[in-house]
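What follows is the content of target_12.cif (mmCIF, C-alpha atoms).
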```
data_my_file
loop_
_atom_site.label_atom_id
_atom_site.label_comp_id
_atom_site.auth_asym_id
_atom_site.auth_seq_id
_atom_site.Cartn_x
_atom_site.Cartn_y
_atom_site.Cartn_z
CA MET A 1 -6.84 16.94 -16.39
CA PHE A 2 -3.41 15.63 -15.40
CA GLU A 3 -0.73 16.15 -18.03
CA LYS A 4 2.67 14.53 -17.75
CA HIS A 5 5.75 16.74 -17.87
CA PRO A 6 8.91 15.89 -19.87
CA GLY A 7 10.95 13.11 -18.32
CA TRP A 8 7.87 11.05 -17.44
CA ASN A 9 9.41 7.76 -18.59
CA VAL A 10 12.34 7.63 -16.16
CA SER A 11 12.63 4.07 -14.85
CA LEU A 12 14.98 2.12 -12.59
CA PRO A 13 15.32 -1.64 -12.08
CA LEU A 14 13.64 -3.67 -9.38
CA GLY A 15 15.37 -6.60 -7.67
CA PRO A 16 17.55 -7.04 -4.58
CA ASN A 17 19.36 -3.72 -5.01
CA SER A 18 16.19 -1.64 -5.31
CA LEU A 19 14.52 0.40 -2.59
CA THR A 20 11.23 -1.30 -3.45
CA TRP A 21 12.77 -4.68 -2.64
CA LYS A 22 14.26 -3.45 0.61
CA HIS A 23 11.11 -1.80 1.93
CA PHE A 24 7.91 -3.13 0.34
CA GLY A 25 7.90 -6.17 2.62
CA ASP A 26 8.45 -4.15 5.81
CA ILE A 27 6.06 -5.57 8.43
CA ARG A 28 5.31 -2.02 9.62
CA SER A 29 3.45 -1.43 6.36
CA MET A 30 0.66 -3.61 7.77
CA LEU A 31 -0.10 -0.78 10.19
CA ILE A 32 -1.24 1.41 7.31
CA LEU A 33 -2.96 -1.24 5.21
CA GLY A 34 -6.34 0.33 6.00
CA ARG A 35 -5.02 3.74 5.01
CA ALA A 36 -3.83 2.40 1.63
CA GLY A 37 -7.17 0.70 1.04
CA THR A 38 -9.10 3.86 1.89
CA LEU A 39 -6.95 5.96 -0.45
CA GLN A 40 -7.62 3.48 -3.26
CA ASN A 41 -11.33 3.38 -2.56
CA MET A 42 -11.66 7.16 -2.70
CA HIS A 43 -11.56 6.71 -6.47
CA PRO A 44 -15.20 6.66 -7.66
CA VAL A 45 -14.64 3.73 -10.05
CA LEU A 46 -13.18 1.58 -7.29
CA ASP A 47 -16.10 2.49 -5.03
CA ALA A 48 -18.57 1.34 -7.71
CA ALA A 49 -16.60 -1.83 -8.44
CA LEU A 50 -16.40 -2.82 -4.77
CA GLN A 51 -20.11 -2.29 -4.26
CA GLU A 52 -21.02 -4.45 -7.24
CA HIS A 53 -18.31 -7.12 -7.37
CA SER A 54 -16.51 -7.48 -4.04
CA ASN A 55 -17.08 -9.11 -0.66
CA PHE A 56 -15.37 -6.10 0.93
CA PHE A 57 -18.47 -5.12 2.90
CA THR A 58 -19.02 -8.60 4.34
CA ASP A 59 -15.41 -9.80 4.72
CA PRO A 60 -12.93 -6.94 4.28
CA MET A 61 -10.00 -8.87 5.75
CA ASP A 62 -10.40 -11.52 3.05
CA ARG A 63 -10.19 -8.84 0.37
CA PHE A 64 -6.97 -7.47 1.85
CA ASP A 65 -5.45 -10.94 2.16
CA ARG A 66 -6.25 -11.82 -1.45
CA SER A 67 -4.83 -8.52 -2.69
CA VAL A 68 -1.59 -8.23 -0.75
CA ALA A 69 -0.03 -11.70 -1.18
CA PRO A 70 -0.03 -11.81 -5.03
CA ILE A 71 1.40 -8.28 -5.25
CA GLN A 72 4.12 -9.12 -2.74
CA ALA A 73 5.00 -12.10 -4.94
CA MET A 74 5.54 -9.78 -7.92
CA ILE A 75 8.46 -8.19 -6.08
CA TYR A 76 9.95 -11.14 -4.23
CA GLN A 77 9.45 -14.14 -6.51
CA PRO A 78 11.51 -14.77 -9.67
CA ASP A 79 8.56 -15.06 -12.09
CA ALA A 80 7.49 -11.42 -11.72
CA GLU A 81 5.82 -11.02 -15.12
CA ALA A 82 3.73 -14.18 -14.67
CA ARG A 83 2.70 -13.01 -11.20
CA ALA A 84 1.79 -9.58 -12.60
CA THR A 85 -0.32 -11.17 -15.31
CA THR A 86 -2.22 -13.10 -12.65
CA VAL A 87 -2.87 -9.93 -10.63
CA ARG A 88 -3.97 -8.03 -13.74
CA ASP A 89 -6.28 -10.79 -14.95
CA PHE A 90 -8.04 -10.95 -11.58
CA HIS A 91 -9.59 -7.65 -12.63
CA LYS A 92 -10.82 -8.60 -16.10
CA PRO A 93 -14.41 -9.46 -15.05
CA ILE A 94 -14.78 -6.34 -12.90
CA LYS A 95 -16.85 -3.97 -14.99
CA GLY A 96 -20.31 -2.44 -15.02
CA VAL A 97 -22.27 0.77 -14.81
CA ALA A 98 -21.74 3.17 -11.90
CA PRO A 99 -24.76 4.75 -10.13
CA GLN A 100 -24.03 7.97 -12.03
CA GLY A 101 -24.68 6.07 -15.28
CA ASN A 102 -21.12 5.91 -16.62
CA ARG A 103 -19.55 2.60 -17.55
CA TYR A 104 -16.44 1.46 -15.71
CA HIS A 105 -13.79 -1.25 -15.91
CA ALA A 106 -11.21 -2.09 -13.25
CA LEU A 107 -8.58 -2.43 -15.99
CA ASP A 108 -9.02 1.13 -17.16
CA PRO A 109 -5.33 2.17 -17.08
CA GLU A 110 -6.15 5.46 -15.32
CA VAL A 111 -7.89 3.58 -12.51
CA PHE A 112 -5.35 0.78 -12.25
CA TRP A 113 -2.54 3.34 -12.18
CA TRP A 114 -4.03 5.10 -9.14
CA THR A 115 -4.15 1.80 -7.28
CA HIS A 116 -0.56 1.09 -8.27
CA VAL A 117 0.66 4.51 -7.10
CA THR A 118 -0.88 3.95 -3.66
CA PHE A 119 1.28 0.86 -3.20
CA TYR A 120 4.59 2.59 -3.64
CA GLU A 121 3.31 5.70 -1.86
CA SER A 122 2.68 3.37 1.09
CA ILE A 123 6.38 2.46 1.11
CA ILE A 124 7.17 6.16 1.51
CA ALA A 125 4.48 6.64 4.16
CA THR A 126 5.60 3.63 6.22
CA GLN A 127 9.08 5.06 6.58
CA GLU A 128 7.75 8.58 7.14
CA PHE A 129 5.67 7.53 10.11
CA PHE A 130 7.40 4.47 11.55
CA GLY A 131 10.94 4.34 10.18
CA THR A 132 13.58 6.70 8.82
CA PRO A 133 12.01 9.06 6.28
CA PHE A 134 13.35 8.85 2.76
CA THR A 135 15.37 11.66 1.25
CA GLU A 136 13.97 13.42 -1.82
CA ALA A 137 16.47 11.47 -3.95
CA GLU A 138 15.25 8.17 -2.49
CA LYS A 139 11.64 9.13 -3.16
CA ALA A 140 12.58 9.88 -6.75
CA GLN A 141 14.25 6.47 -6.98
CA LEU A 142 11.13 4.73 -5.67
CA VAL A 143 8.94 6.52 -8.21
CA ALA A 144 11.30 5.48 -11.02
CA GLU A 145 11.21 1.88 -9.80
CA GLY A 146 7.42 2.18 -9.71
CA LEU A 147 7.32 2.63 -13.48
CA THR A 148 9.32 -0.57 -13.98
CA TRP A 149 6.91 -2.30 -11.60
CA TRP A 150 3.92 -0.96 -13.55
CA ARG A 151 5.27 -2.28 -16.84
CA LEU A 152 5.21 -5.83 -15.48
CA TYR A 153 1.42 -5.68 -15.88
CA GLY A 154 1.73 -5.18 -19.64
CA MET A 155 -0.72 -2.28 -19.58
CA SER A 156 -0.69 1.07 -21.36
CA ASP A 157 1.85 3.67 -20.32
CA ARG A 158 -0.72 6.37 -21.02
CA PRO A 159 -1.27 7.35 -17.35
CA ALA A 160 2.13 6.21 -16.11
CA PHE A 161 5.29 8.10 -15.18
CA GLY A 162 8.54 7.48 -13.34
CA ASP A 163 9.51 11.06 -12.67
CA TYR A 164 9.21 12.47 -9.14
CA GLU A 165 7.95 15.89 -10.25
CA ASN A 166 5.15 14.18 -12.19
CA TYR A 167 4.39 12.12 -9.09
CA LYS A 168 3.89 15.24 -6.97
CA SER A 169 1.75 16.92 -9.64
CA TYR A 170 -0.37 13.78 -10.03
CA TRP A 171 -0.89 13.53 -6.26
CA THR A 172 -2.23 17.11 -6.21
CA HIS A 173 -4.42 16.47 -9.26
CA MET A 174 -6.07 13.44 -7.64
CA TRP A 175 -7.06 15.40 -4.52
CA GLN A 176 -8.38 18.33 -6.49
CA GLU A 177 -10.23 16.57 -9.31
CA VAL A 178 -10.88 12.87 -8.75
CA LEU A 179 -11.01 11.50 -5.22
CA GLU A 180 -14.14 11.61 -3.08
CA SER A 181 -15.88 10.50 0.06
CA ASN A 182 -18.25 7.66 -0.82
CA THR A 183 -20.05 4.54 0.40
CA THR A 184 -16.87 2.48 0.63
CA THR A 185 -14.86 5.05 2.54
CA ASP A 186 -17.79 5.63 4.91
CA PHE A 187 -17.80 1.90 5.64
CA ALA A 188 -14.04 1.93 6.25
CA ALA A 189 -14.39 4.80 8.72
CA ASN A 190 -16.88 2.78 10.76
CA ILE A 191 -15.57 -0.72 10.14
CA HIS A 192 -15.00 -1.25 13.86
CA THR A 193 -18.78 -1.21 14.39
CA ALA A 194 -19.42 -3.86 11.72
CA LYS A 195 -19.47 -7.53 12.69
CA VAL A 196 -16.87 -8.58 10.14
CA PRO A 197 -15.41 -12.13 10.16
CA ALA A 198 -12.09 -12.88 11.85
CA PRO A 199 -8.85 -12.62 9.88
CA PRO A 200 -7.38 -16.04 8.97
CA PHE A 201 -4.70 -15.84 11.69
CA VAL A 202 -7.12 -15.08 14.59
CA PRO A 203 -9.00 -17.96 16.30
CA ALA A 204 -12.73 -17.59 15.69
CA PRO A 205 -13.71 -17.82 19.41
CA LEU A 206 -11.29 -15.01 20.29
CA TRP A 207 -12.39 -12.61 17.58
CA PRO A 208 -15.68 -11.38 19.14
CA LEU A 209 -13.74 -10.36 22.25
CA ILE A 210 -11.07 -8.34 20.45
CA ARG A 211 -12.81 -7.30 17.22
CA TYR A 212 -13.98 -3.86 18.31
CA PRO A 213 -10.75 -2.58 19.94
CA VAL A 214 -8.51 -4.05 17.23
CA MET A 215 -10.56 -2.59 14.39
CA ALA A 216 -11.01 0.74 16.20
CA ILE A 217 -7.24 1.07 16.63
CA GLY A 218 -6.83 0.28 12.94
CA VAL A 219 -9.23 3.07 12.01
CA TRP A 220 -7.42 5.45 14.36
CA ILE A 221 -4.03 4.65 12.76
CA SER A 222 -5.54 5.13 9.31
CA ASN A 223 -6.77 8.55 10.40
CA ALA A 224 -3.41 9.39 12.00
CA THR A 225 -1.46 8.60 8.85
CA MET A 226 -3.96 9.91 6.30
CA PRO A 227 -2.76 12.79 4.11
CA PRO A 228 -4.39 16.06 5.24
CA GLU A 229 -6.01 16.43 1.81
CA ALA A 230 -7.71 13.07 2.20
CA ARG A 231 -8.81 13.83 5.74
CA LYS A 232 -10.47 17.01 4.52
CA ILE A 233 -12.33 15.23 1.70
CA LEU A 234 -13.44 12.42 4.00
CA GLY A 235 -14.54 14.77 6.79
CA TRP A 236 -12.37 12.99 9.34
CA THR A 237 -11.32 14.96 12.43
CA TRP A 238 -8.00 14.79 14.26
CA SER A 239 -7.29 16.47 17.57
CA ARG A 240 -4.12 17.64 19.27
CA ALA A 241 -4.62 14.89 21.86
CA ASP A 242 -4.83 12.34 19.06
CA GLN A 243 -1.57 13.64 17.63
CA LEU A 244 0.22 13.47 20.97
CA ALA A 245 -0.93 9.87 21.46
CA PHE A 246 0.10 8.94 17.95
CA ASP A 247 3.57 10.46 18.43
CA LEU A 248 4.06 8.15 21.43
CA PHE A 249 2.77 5.18 19.44
CA ARG A 250 5.07 5.75 16.48
CA ARG A 251 8.08 6.14 18.79
CA ALA A 252 7.20 2.80 20.38
CA VAL A 253 7.00 1.17 16.93
CA ARG A 254 10.40 2.56 15.93
CA THR A 255 12.00 1.39 19.19
CA THR A 256 10.49 -2.08 18.91
CA TRP A 257 11.75 -2.33 15.34
CA THR A 258 15.38 -1.84 16.40
CA LEU A 259 15.05 -4.68 18.93
CA THR A 260 13.33 -7.13 16.58
CA PRO A 261 15.26 -9.95 14.82
CA GLU A 262 15.63 -9.20 11.13
CA ARG A 263 13.45 -12.08 9.92
CA LEU A 264 10.54 -10.70 11.99
CA ARG A 265 10.86 -7.24 10.45
CA TYR A 266 9.33 -8.44 7.20
CA ILE A 267 6.06 -9.92 6.02
CA PRO A 268 6.71 -13.71 5.98
CA ASP A 269 6.20 -14.09 2.20
CA ALA A 270 8.58 -11.20 1.54
CA TRP A 271 11.21 -12.60 3.90
CA ALA A 272 10.98 -16.03 2.27
CA GLY A 273 11.45 -14.47 -1.17
CA MET A 274 14.40 -12.38 -0.01
CA GLN A 275 16.19 -15.47 1.26
CA GLN A 276 16.18 -17.03 -2.20
CA TYR A 277 18.59 -14.32 -3.36
CA ARG A 278 21.05 -14.54 -0.51
CA GLN A 279 24.25 -16.54 -0.62
CA PRO A 280 24.38 -19.55 1.74
CA SER A 281 27.34 -17.96 3.53
CA GLU A 282 25.13 -15.02 4.49
CA GLN A 283 22.68 -17.19 6.41
CA HIS A 284 22.97 -18.82 9.81
CA SER A 285 21.41 -22.20 10.48
CA ASP A 286 18.58 -20.57 12.46
CA GLY A 287 17.46 -18.64 9.37
CA ASP A 288 18.80 -15.22 10.42
CA SER A 289 21.22 -13.48 8.09
CA ASP A 290 24.59 -12.10 9.02
CA PRO A 291 23.97 -8.51 10.14
CA GLU A 292 26.98 -7.30 8.14
CA ASN A 293 25.45 -8.67 4.93
CA ALA A 294 21.79 -8.13 5.78
CA THR A 295 19.43 -6.42 3.43
CA ALA A 296 19.44 -2.73 4.29
CA ALA A 297 16.46 -1.62 6.32
CA LYS A 298 15.36 1.82 7.34
#
```

Please express what this file holds, its structure, as structure tokens.
Amino acid sequence: MFEKHPGWNVSLPLGPNSLTWKHFGDIRSMLILGRAGTLQNMHPVLDAALQEHSNFFTDPMDRFDRSVAPIQAMIYQPDAEARATTVRDFHKPIKGVAPQGNRYHALDPEVFWWTHVTFYESIIATQEFFGTPFTEAEKAQLVAEGLTWWRLYGMSDRPAFGDYENYKSYWTHMWQEVLESNTTTDFAANIHTAKVPAPPFVPAPLWPLIRYPVMAIGVWISNATMPPEARKILGWTWSRADQLAFDLFRRAVRTTWTLTPERLRYIPDAWAGMQQYRQPSEQHSDGDSDPENATAAK
């Protein structure tokens, strides 16, 4: 049983000066979207809910698209509480009885909190693998901002915390006592063999030609970036050759990032939201911002 230590309710503001704002919309986070989804789905309640209520197994890209955009809007649009209410209320009908016989609800704060933690953990992981790793102080700041973010949902603080030491203890607790390999994670590990529909941005005639390699690379990146504890639970293997190849890949991503115009470094919805908070003098007519005033990026 996870027990919070003193100092659990540390919180820091979101908004343009926060680390969450500066990094949640990083386009490189799309590389580990499958990793984040797999971590979430290792929770037995989420596995049961997806099997009974979701189209994840027939159209997983649709599920990701519907999940990511509203949560991005919570950070980058001005009506954050209204956006959070919308995200929360999506989950109201998701309830039932798991195969083990226990009842579940997607709005159980303990379950919803795990999902929430994986989002800001993904900010840390993106920089760890493809950017400039955060310092311990920056990680602590992100965790404190995560509590403010959580409170936008209007849910119980019972499972929540904003203290970095609690975050590390919780992470260990989840590996040791809660998370599992299950039907949903097995599907994710072999998603490249499933004939899933094309993502919205890929022409339908092209998708059958590129589906297998694209999805297989996605699974490989998920494996590469997966915490060792998760890899052990899932039974995923990782070789020295895999690691050498991944080291080359991540270097290429970092190099490409430094050469990419700023507006292309962010998910389009995040970039559009960020521009609403910039002074007109900071923007050029082509939509790029003045590098001296640009939002900091790792």

Q) Pro268 of chain A: which residues within 9 Å, counting only C-alpha atoms, same-chain residues fewer than 4 positions away excluded, as a PyMOL selection string? A) chain A and resi 25+27+263-264+272-273

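Proximity of A:Pro6, A:Arg28, A:Asp89, A:His105 to His53 of chain A, computed with all atoms listed in the file, is greatest for A:His105.
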
Q: Report as a ChimeraX atom specification the residues that result from applying the PyMOL selection byres ((chain A and resi 181) around 7) to the structure here.
A: /A:42,180,182,185,233-234

Q.
Ranking A:Arg240, A:Arg211, A:Arg251, A:Arg158 by minimum distance to Trp8 of chain A and counting all atoms listed in the file, which one comes first?
A.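 Closest to Trp8 of chain A of all the choices is A:Arg158.
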
Q: Considering only C-alpha atoms, return as a PyMOL selection string whatever protein or nucleic-acid residues lie within 12 Å of Lys232 of chain A, sequence-local ones (same chain, fewer than 6 positions apart) excluded.
A: chain A and resi 175-176+179-181+223+226+238

**Q.** Near-Leu50 of chain A list (12 Å; all atoms listed in the file; drop same-chain fewer than 5 positions) as a list in words
**A.** Gly37, Thr38, Gln40, Asn41, Met42, His43, Pro44, Val45, Asn55, Phe56, Phe57, Thr58, Asp59, Pro60, Arg63, His91, Ile94, Lys95, Gly96, Ala98, Tyr104, His105, Ala106, Asn182, Thr183, Thr184, Thr185 and Phe187 of chain A

**Q.** Atom pair atom CA of Glu145 of chain A / atom CA of Leu107 of chain A: separation (Å)
**A.** 21.2 Å

Would you translate the PyMOL selection byres ((chain A and resi 134) around 12) into the concrete set of residues it matches in this file, as a PDB file with C-alpha atoms, keeping the file's coordinate frame?
```
ATOM      1  CA  LEU A  19      14.520   0.400  -2.590  1.00  0.00           C
ATOM      2  CA  HIS A  23      11.110  -1.800   1.930  1.00  0.00           C
ATOM      3  CA  GLU A 121       3.310   5.700  -1.860  1.00  0.00           C
ATOM      4  CA  ILE A 123       6.380   2.460   1.110  1.00  0.00           C
ATOM      5  CA  ILE A 124       7.170   6.160   1.510  1.00  0.00           C
ATOM      6  CA  ALA A 125       4.480   6.640   4.160  1.00  0.00           C
ATOM      7  CA  THR A 126       5.600   3.630   6.220  1.00  0.00           C
ATOM      8  CA  GLN A 127       9.080   5.060   6.580  1.00  0.00           C
ATOM      9  CA  GLU A 128       7.750   8.580   7.140  1.00  0.00           C
ATOM     10  CA  PHE A 129       5.670   7.530  10.110  1.00  0.00           C
ATOM     11  CA  PHE A 130       7.400   4.470  11.550  1.00  0.00           C
ATOM     12  CA  GLY A 131      10.940   4.340  10.180  1.00  0.00           C
ATOM     13  CA  THR A 132      13.580   6.700   8.820  1.00  0.00           C
ATOM     14  CA  PRO A 133      12.010   9.060   6.280  1.00  0.00           C
ATOM     15  CA  THR A 135      15.370  11.660   1.250  1.00  0.00           C
ATOM     16  CA  GLU A 136      13.970  13.420  -1.820  1.00  0.00           C
ATOM     17  CA  ALA A 137      16.470  11.470  -3.950  1.00  0.00           C
ATOM     18  CA  GLU A 138      15.250   8.170  -2.490  1.00  0.00           C
ATOM     19  CA  LYS A 139      11.640   9.130  -3.160  1.00  0.00           C
ATOM     20  CA  ALA A 140      12.580   9.880  -6.750  1.00  0.00           C
ATOM     21  CA  GLN A 141      14.250   6.470  -6.980  1.00  0.00           C
ATOM     22  CA  LEU A 142      11.130   4.730  -5.670  1.00  0.00           C
ATOM     23  CA  ALA A 297      16.460  -1.620   6.320  1.00  0.00           C
ATOM     24  CA  LYS A 298      15.360   1.820   7.340  1.00  0.00           C
TER      25      LYS A 298
END
```

**Q.** Pairwise distance for atom CA of Trp236 of chain A and atom CA of Leu33 of chain A, rounded to one decimal in Å
**A.** 17.6 Å

Q | the PyMOL selection byres ((chain A and resi 7) around 10) resolved against shown file, as a ChimeraX atom specification | A | /A:4-6,8-11,161-166

Q: Could you please determine the separation between atom CA of Ser29 of chain A and atom CA of Asp247 of chain A in Å, to one decimal place?
A: 16.9 Å

For segment 218-237 of chain A, which lacks atoms in the input, supply N, CA, C and O atoms and format the output as a compact mmCIF listing (two decimals), in the coordinates of the input.
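Output saved as result.txt:
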```
# COMPACT_ATOMS: atom_id res chain seq x y z
N GLY A 218 -7.18 0.22 14.36
CA GLY A 218 -6.83 0.28 12.94
C GLY A 218 -7.38 1.52 12.27
O GLY A 218 -6.68 2.18 11.48
N VAL A 219 -8.62 1.86 12.57
CA VAL A 219 -9.23 3.07 12.01
C VAL A 219 -8.50 4.31 12.51
O VAL A 219 -8.24 5.25 11.74
N TRP A 220 -8.13 4.32 13.78
CA TRP A 220 -7.42 5.45 14.36
C TRP A 220 -6.06 5.64 13.69
O TRP A 220 -5.66 6.77 13.36
N ILE A 221 -5.33 4.55 13.44
CA ILE A 221 -4.03 4.65 12.76
C ILE A 221 -4.22 5.13 11.32
O ILE A 221 -3.43 5.94 10.82
N SER A 222 -5.26 4.65 10.66
CA SER A 222 -5.54 5.13 9.31
C SER A 222 -5.76 6.64 9.31
O SER A 222 -5.25 7.36 8.44
N ASN A 223 -6.51 7.12 10.28
CA ASN A 223 -6.77 8.55 10.40
C ASN A 223 -5.47 9.31 10.71
O ASN A 223 -5.19 10.36 10.13
N ALA A 224 -4.66 8.74 11.60
CA ALA A 224 -3.41 9.39 12.00
C ALA A 224 -2.46 9.58 10.83
O ALA A 224 -1.76 10.58 10.74
N THR A 225 -2.43 8.60 9.94
CA THR A 225 -1.46 8.60 8.85
C THR A 225 -2.04 9.12 7.53
O THR A 225 -1.31 9.20 6.54
N MET A 226 -3.31 9.47 7.53
CA MET A 226 -3.96 9.91 6.30
C MET A 226 -3.42 11.28 5.87
O MET A 226 -3.23 12.16 6.70
N PRO A 227 -3.16 11.46 4.57
CA PRO A 227 -2.76 12.79 4.11
C PRO A 227 -3.81 13.83 4.49
O PRO A 227 -5.02 13.53 4.45
N PRO A 228 -3.41 15.03 4.85
CA PRO A 228 -4.39 16.06 5.24
C PRO A 228 -5.45 16.31 4.18
O PRO A 228 -6.61 16.56 4.51
N GLU A 229 -5.04 16.22 2.90
CA GLU A 229 -6.01 16.43 1.81
C GLU A 229 -7.12 15.38 1.85
O GLU A 229 -8.29 15.69 1.62
N ALA A 230 -6.72 14.15 2.13
CA ALA A 230 -7.71 13.07 2.20
C ALA A 230 -8.61 13.25 3.41
O ALA A 230 -9.83 13.05 3.33
N ARG A 231 -8.03 13.62 4.53
CA ARG A 231 -8.81 13.83 5.74
C ARG A 231 -9.88 14.89 5.52
O ARG A 231 -11.02 14.76 5.98
N LYS A 232 -9.52 15.93 4.80
CA LYS A 232 -10.47 17.01 4.52
C LYS A 232 -11.62 16.52 3.64
O LYS A 232 -12.79 16.79 3.91
N ILE A 233 -11.30 15.76 2.59
CA ILE A 233 -12.33 15.23 1.70
C ILE A 233 -13.26 14.27 2.44
O ILE A 233 -14.49 14.29 2.27
N LEU A 234 -12.67 13.43 3.29
CA LEU A 234 -13.44 12.42 4.00
C LEU A 234 -14.23 12.99 5.18
O LEU A 234 -15.13 12.33 5.70
N GLY A 235 -13.87 14.19 5.63
CA GLY A 235 -14.54 14.77 6.79
C GLY A 235 -14.09 14.16 8.10
O GLY A 235 -14.83 14.20 9.09
N TRP A 236 -12.89 13.60 8.13
CA TRP A 236 -12.37 12.99 9.34
C TRP A 236 -11.72 14.07 10.21
O TRP A 236 -11.04 14.96 9.70
N THR A 237 -11.90 13.99 11.51
CA THR A 237 -11.32 14.96 12.43
C THR A 237 -10.12 14.36 13.14
O THR A 237 -10.03 13.13 13.30
```
